[in-house]
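A.B. asks: Sharing a structure below in structure tokens format, with a few things to ask.
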Amino acid sequence: MEKIVRIGCGAGFWGDTPEGPRQLVRSGGIDYLVLDYLAEITMSILARMKAKKPDLGYASDFVSLVMKPLAAEIAAKKIRVVTNAGGVNLAAAREALEAVFREAGVTLKVATVVGDDLAGRADAFRAGGVTEMFSGAAFPATISSINAYLGAFPIAAALAAGADVVLTGRCVDSALVLGPLVHEFGWRPRDLDLLSAGSLAGHLLECGTQVTGGVFTDWRDVEGWDRMGFPIAECAADGSFVVTKPAGTGGLVTPMTVAEQVVYEVGDPTDYVLPDVVCDWSGVRLDRVGADRVRVSGARGRPPTPDYKVSATHPDGWRATTTMMIAGREAVAKAEAVGAAILARSRRLMAEAGHADFTEVSVEVLGGEASYGAASTARNAREVVLKIGVRHPAKEALAIFTREIYPAATAMAQGITGFAGGRPEPQPVIRLFSFLVPKAEVPVAVDCDGALRPQTIAPGEPPAPRAATPIAVEPFDGPSVSVSVPLVALAHGRSGDKGDVANIGLLARRPDFVPLLRARLTPEVVASWFRHVVDGPVERFEWPGLAGFNFVLHRALGGGGVASLRHDPQGKTFAQILLDLPVAVPAGWLEAGGPLAAWTTADRNGASS
């Protein structure tokens with residue numbers, strides 16, 4: 001019989017529910033449990049925790065909420081665990097984990113993958129003139145964390161050494177799944193299509209329930225949000241795999257739910273760069289092979305590059321954010337006036353105290369459709385939330401701002417209430433700084449059984465020049481009589497972020513909608529729809545295997561992550577906003593027998609998806 005390896009992902013971020021690992025261990029029938037805890041900002045938080053207390057700096061939830069209650073069952077079922085929970089303190093994570101195993105009376109061998117933490121080389125990077133790979137900015141004077149994104153082969157080596165639990169620091173998220181597949185099937189560095197396929201399996205699983213119906217465009221089709229099924233990939237040696245979930249759980253696995261996760265946080269689908277392989281997922285095929293079962297195939301790979309991507313985080317001043325509710329007639333206008341008055345009052349008092357102006361301000365009226373810019377239809381809303389965010393180099397200046405928020409309750413508009421959380425405290429701004437380091441300069445090793453085993457990493461190849469293949473802007477050859485429908489009638493999609501760049505994957509509901517979408521949904525149209533938030537260019541890539549497109553919006557998130565003052569610093573709403581774009585379609589499409597005949601008046605008014 002064909003060998004199948006079942007891998008379940010029980011956590012998509014630090015703070016995900018511990019129900020995921022319990023569900024997979026107890027009813028998933030899995031061979032491997034993987035848990036993804038890290039993001040760029042998480043690394044900075046963990047670094048600050050370790051600086052304050054040397055035995056912190058790892059994802060403690062993994063030890064206390066996952067392994068402590070499940071250790072005996074994991075050992076009994078011989079499930080192997082792979083996770084990046086080690087954060088910036090692998091030694092402390094390992095020690096805490098082994099203490100839990102001793103308490104539970106189980107024997108599980110723990111290995112760590114080391115080498116990603118490059119914080120000790122900050123001075124050398126600065127002296128060497130390292131610059132930010134996207135903006136060209138100089139290396140920061142102060143650094144919070146520096147970590148290289150390692151690949152899958154060290155994880156495979158740890159498993160080959162007999163590890164039951166593999167702890168890593170920073171690695172690419174998909175490597176948590178690719179590593180076990182390399183180990184189980186003996187894939188080699190030159191097996192590029194297989195490595196791309198295994199990376200795609202990891203990419204689909206890494207965000208947990210996002211692939212099993214979570215944050216799905218057609219949310220009404222998904223039942224059981226209170227008991228969502230966590231994802232399982234049933235993987236074969238040829239690189240194909242089936243995405244599914246434990247029986248009896250909530251959620252939904254269909255080609256559409258899987259496709260939305262395929263496009264998540266990807267730029268050019270033909271050129272997705274990972275440490276072990278450069279992936280081409282443009283021809284990926286999704287086939288429904290049963291209830292809540294989707295077979296994924298068609299990934300292709302090219303040689304990896306000679307470099308690791310490295311993410312550093314650094315402090316950049318201070319920020320403060322406040323919210324308050326404002327109700328009544330003209331609530332949007334009142335909120336805008338209150339925001340302007342609070343800022344004017346704070347600026348005057350800051351100047352009197354000798355402080356410069358704010359470095360950046362952000363005022364958003366939530367409920368007034370601030371995210372939609374000029375396309376807002378909620379100017380007459382009668383209940384809104386005013387959000388004010390400010391940034392300044394000096395914490396003392398922001399203390400003035402936070403002190404002058406509450407006086408609005410008696411001095412400004414009637415209907416102000418709900419100062420959420422009390423007076424805000426200024427928080428440090430942490431920015432991302434990305435650059436490349438040659439793989440040959442990053443010593444990677446596996447620490448297992450008290451022995452440090454250096455790993456030889458394939459050197460990679462300089463990327464070959466690739467001619468851009470722009471998508472032709474062709475007129476849609478259809479009837480002259482047209483009507484307007486929201487884009488959501490024609491497509492579904494999902495948005496994500498990489499630093500200050502947002503992507504929106506847009507997938508046609510029917511392949512025959514693609515020519516119209518190609519004509520109507522140009523980069524210029526998307527840029528205009530988001531002109532109130534996007535400061536850089538908009539790129540469009542075709543995704544033929546999925547009958548869709550990927551839009552990449554540069555300088556779109558106000559700095560991204562915690563550096564952004566926006567209420568949505570990660571572009572999570574961008575797909576929903578784009579799906580409201582009016583699109584002209586042939587009038588006959590809405591008539592009986594037409595492809596949009598079921599698109600009712602209620603649908604067009606936004607009453608349902």
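Naming works like this for the structure tokens: A, B, ... for the chains as they're shown, residue 1 at the start of each chain, ligands 1 onward in shown order.
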Assign secondary structure with DSSP using the backbone only, and return the residues of range 115-178 of chain A in helix (DSSP H, G or I) as a list in words.

C.D. replies: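 Put together, the selection reads Ala119, Gly120, Arg121, Ala122, Asp123, Ala124, Phe125, Arg126, Ala127, Phe153, Pro154, Ile155, Ala156, Ala157, Ala158, Leu159, Ala160, Ala175, Leu176, Val177 and Leu178 of chain A.
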
A.B. asks: Could you save those same residues with N, CA, C and O atoms as a CSV table (one decimal), in the first residue's frame?

C.D. replies:
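To be explicit, this is the file written out as part_28.csv:
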chain,number,residue,atom,x,y,z
A,119,ALA,N,21.5,37.7,16.7
A,119,ALA,CA,21.5,39.0,17.4
A,119,ALA,C,22.9,39.4,17.8
A,119,ALA,O,23.3,40.6,17.9
A,120,GLY,N,23.8,38.4,18.0
A,120,GLY,CA,25.2,38.7,18.4
A,120,GLY,C,26.0,39.3,17.3
A,120,GLY,O,27.1,39.8,17.5
A,121,ARG,N,25.5,39.3,16.1
A,121,ARG,CA,26.2,39.9,14.9
A,121,ARG,C,25.7,41.3,14.5
A,121,ARG,O,26.1,41.8,13.5
A,122,ALA,N,24.9,41.9,15.4
A,122,ALA,CA,24.4,43.2,15.0
A,122,ALA,C,25.5,44.2,14.7
A,122,ALA,O,25.4,44.9,13.7
A,123,ASP,N,26.5,44.3,15.5
A,123,ASP,CA,27.6,45.3,15.2
A,123,ASP,C,28.3,45.0,13.9
A,123,ASP,O,28.6,45.9,13.2
A,124,ALA,N,28.5,43.7,13.6
A,124,ALA,CA,29.1,43.4,12.3
A,124,ALA,C,28.2,43.8,11.1
A,124,ALA,O,28.7,44.3,10.1
A,125,PHE,N,26.9,43.5,11.3
A,125,PHE,CA,26.0,43.9,10.2
A,125,PHE,C,26.0,45.4,10.0
A,125,PHE,O,26.0,45.9,8.9
A,126,ARG,N,26.0,46.1,11.1
A,126,ARG,CA,26.0,47.6,11.0
A,126,ARG,C,27.3,48.1,10.4
A,126,ARG,O,27.3,49.0,9.5
A,127,ALA,N,28.4,47.6,10.9
A,127,ALA,CA,29.7,48.0,10.3
A,127,ALA,C,29.9,47.6,8.9
A,127,ALA,O,30.6,48.3,8.1
A,153,PHE,N,15.5,21.1,6.2
A,153,PHE,CA,16.4,19.9,6.3
A,153,PHE,C,17.0,19.7,7.7
A,153,PHE,O,17.2,18.6,8.2
A,154,PRO,N,17.3,20.8,8.5
A,154,PRO,CA,17.7,20.5,9.9
A,154,PRO,C,16.6,19.8,10.7
A,154,PRO,O,16.9,19.0,11.6
A,155,ILE,N,15.4,20.2,10.5
A,155,ILE,CA,14.3,19.5,11.2
A,155,ILE,C,14.3,18.0,10.8
A,155,ILE,O,14.1,17.1,11.7
A,156,ALA,N,14.4,17.7,9.5
A,156,ALA,CA,14.5,16.3,9.1
A,156,ALA,C,15.7,15.6,9.8
A,156,ALA,O,15.5,14.4,10.2
A,157,ALA,N,16.8,16.3,9.9
A,157,ALA,CA,18.0,15.7,10.6
A,157,ALA,C,17.7,15.4,12.0
A,157,ALA,O,18.1,14.3,12.6
A,158,ALA,N,17.0,16.3,12.7
A,158,ALA,CA,16.6,16.0,14.1
A,158,ALA,C,15.7,14.8,14.2
A,158,ALA,O,15.9,14.0,15.2
A,159,LEU,N,14.8,14.6,13.3
A,159,LEU,CA,13.9,13.5,13.3
A,159,LEU,C,14.7,12.2,13.1
A,159,LEU,O,14.5,11.2,13.7
A,160,ALA,N,15.6,12.3,12.1
A,160,ALA,CA,16.5,11.1,11.8
A,160,ALA,C,17.3,10.7,13.0
A,160,ALA,O,17.7,9.6,13.2
A,175,ALA,N,8.2,25.0,6.8
A,175,ALA,CA,9.3,24.0,7.1
A,175,ALA,C,8.8,23.1,8.2
A,175,ALA,O,9.4,22.0,8.2
A,176,LEU,N,7.9,23.5,9.0
A,176,LEU,CA,7.5,22.6,10.1
A,176,LEU,C,6.8,21.4,9.5
A,176,LEU,O,6.8,20.3,10.2
A,177,VAL,N,6.2,21.5,8.4
A,177,VAL,CA,5.6,20.4,7.7
A,177,VAL,C,6.5,19.7,6.7
A,177,VAL,O,6.6,18.5,6.6
A,178,LEU,N,7.3,20.5,6.0
A,178,LEU,CA,8.2,20.0,5.0
A,178,LEU,C,9.3,19.1,5.7
A,178,LEU,O,9.7,18.1,5.1

A.B. asks: For the structure I just gave you, how does DSSP split range 139-354 of chain A - specifically, which residues are strand (DSSP E or B)? Reply as an MDAnalysis selection string.

C.D. replies: chainID A and resid 145:148 150 165:168 171 228 232:235 241:244 250 272:273 278:280 285:290 293:297 300:302 307:327

A.B. asks: Need the shell around range 300-304 of chain A: protein/DNA/RNA residues with any atom at most 6 Å away, counting only C-alpha atoms. Skip same-chain ones fewer than 3 positions apart. Format as a ChimeraX atom specification?

C.D. replies: /A:192-193,196,276-280,460

A.B. asks: Give me a file of those residues, with C-alpha atoms, as a tab-separated table (two decimals), in the first residue's frame.

C.D. replies:
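Generated output (part-v9.tsv):
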chain	number	residue	atom	x	y	z
A	192	LEU	CA	12.66	20.52	-6.22
A	193	ASP	CA	9.08	19.73	-7.28
A	196	SER	CA	7.70	22.79	-3.43
A	276	ASP	CA	14.87	25.09	0.42
A	277	VAL	CA	13.19	25.83	-2.91
A	278	VAL	CA	11.74	28.61	-5.03
A	279	CYS	CA	8.11	27.60	-5.53
A	280	ASP	CA	5.92	27.92	-8.58
A	460	GLY	CA	21.60	27.34	-3.58

A.B. asks: For each of A:His567, A:Val514, A:Ile457, A:Leu553, take the minimum atom-to-atom distance to Gly389 in chain A, counting only C-alpha atoms, then give the residue where this is smallest.

C.D. replies: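 With only C-alpha atoms as the atom set, the closest residue is A:His567.
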
A.B. asks: Please produce, as CSV, a per-residue contact table for range 274-374 of chain A versus range 418-431 of chain A (criterion: any atom at most 7 Å away, only C-alpha atoms considered), showing the nearest atom pair and its distance in Å to one decimal, sorted by chain then residue number.

C.D. replies:
residue,atom,partner,partner_atom,distance
A:Thr313,CA,A:Arg431,CA,5.4
A:His314,CA,A:Arg431,CA,5.4
A:Pro315,CA,A:Ile430,CA,4.6
A:Asp316,CA,A:Val429,CA,5.2
A:Gly317,CA,A:Val429,CA,5.5
A:Trp318,CA,A:Pro428,CA,4.4
A:Arg319,CA,A:Gln427,CA,5.3
A:Ala320,CA,A:Pro426,CA,4.7
A:Thr321,CA,A:Pro424,CA,6.6
A:Thr322,CA,A:Pro424,CA,6.3
A:Thr323,CA,A:Phe419,CA,6.0
A:Met324,CA,A:Phe419,CA,4.6
A:Met325,CA,A:Gly418,CA,5.4

A.B. asks: Measure the distance from CA of Val289 in chain A to CA of Val211 in chain A in Å and round it to one decimal.

C.D. replies: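 It comes out at 16.1 Å.
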
A.B. asks: Between A:Asp500, A:Lys395, A:Arg518, A:Trp589, which one has atoms that come closest to Val481 in chain A, using only C-alpha atoms?

C.D. replies: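 Of the candidates, the smallest distance to Val481 in chain A is held by A:Trp589.
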
A.B. asks: Can you pull out every residue within 8 Å of Ile7 in chain A, counting only C-alpha atoms, but drop anything in the same chain fewer than 6 positions away, and send it as a PyMOL selection string?

C.D. replies: chain A and resi 30-34+177+232-235

A.B. asks: What does the file look like for those residues with C-alpha atoms, as a CSV table (one decimal), in the first residue's frame?

C.D. replies:
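Output file again-v2.csv follows:
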chain,number,residue,atom,x,y,z
A,30,ILE,CA,-2.0,11.8,13.0
A,31,ASP,CA,1.6,10.8,12.7
A,32,TYR,CA,2.9,14.4,13.3
A,33,LEU,CA,1.6,17.3,15.3
A,34,VAL,CA,3.0,20.7,14.2
A,177,VAL,CA,5.6,20.4,7.7
A,232,ILE,CA,-4.7,17.5,8.5
A,233,ALA,CA,-2.6,16.9,5.4
A,234,GLU,CA,-2.5,13.3,4.2
A,235,CYS,CA,0.8,13.3,2.3

A.B. asks: Excluding range 91-95 of chain A and residues on its chain fewer than 2 positions from it, collect all residues at most 7 Å away from it, counting only C-alpha atoms, and give them as a VMD selection string.

C.D. replies: chain A and resid 55 to 56 58 86 89 97 to 99

A.B. asks: Save the residues we just selected, N, CA, C and O atoms, as a compact mmCIF listing (two decimals), in the first residue's frame?

C.D. replies:
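Saved to part_27.txt:
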# COMPACT_ATOMS: atom_id res chain seq x y z
N ASP A 55 14.91 33.09 31.84
CA ASP A 55 14.28 31.80 31.57
C ASP A 55 13.00 31.94 30.76
O ASP A 55 12.24 30.97 30.61
N LEU A 56 12.74 33.12 30.22
CA LEU A 56 11.61 33.33 29.31
C LEU A 56 12.14 33.51 27.88
O LEU A 56 13.32 33.39 27.63
N TYR A 58 10.29 32.04 25.09
CA TYR A 58 9.72 31.01 24.22
C TYR A 58 8.20 31.02 24.37
O TYR A 58 7.66 31.69 25.27
N GLY A 86 10.29 27.34 20.35
CA GLY A 86 11.53 27.74 21.03
C GLY A 86 11.81 29.21 21.00
O GLY A 86 12.56 29.72 21.85
N ASN A 89 14.68 31.45 22.90
CA ASN A 89 15.29 30.81 24.06
C ASN A 89 15.05 29.30 24.01
O ASN A 89 14.29 28.72 24.81
N LEU A 97 10.19 21.87 28.95
CA LEU A 97 9.52 20.73 28.33
C LEU A 97 9.95 19.42 28.99
O LEU A 97 9.11 18.56 29.32
N GLU A 98 11.22 19.27 29.21
CA GLU A 98 11.72 18.02 29.82
C GLU A 98 11.25 17.89 31.27
O GLU A 98 11.02 16.77 31.74
N ALA A 99 11.06 19.02 31.95
CA ALA A 99 10.50 18.97 33.30
C ALA A 99 9.07 18.45 33.28
O ALA A 99 8.66 17.65 34.14

A.B. asks: Excluding Pro486 in chain A and residues on its chain fewer than 3 positions from it, collect all residues at most 8 Å away from it, counting only C-alpha atoms, and give them as a list in words.

C.D. replies: Ala489, Leu490, Leu579, Asp580, Leu581, Pro582, Val583 and Arg604 of chain A
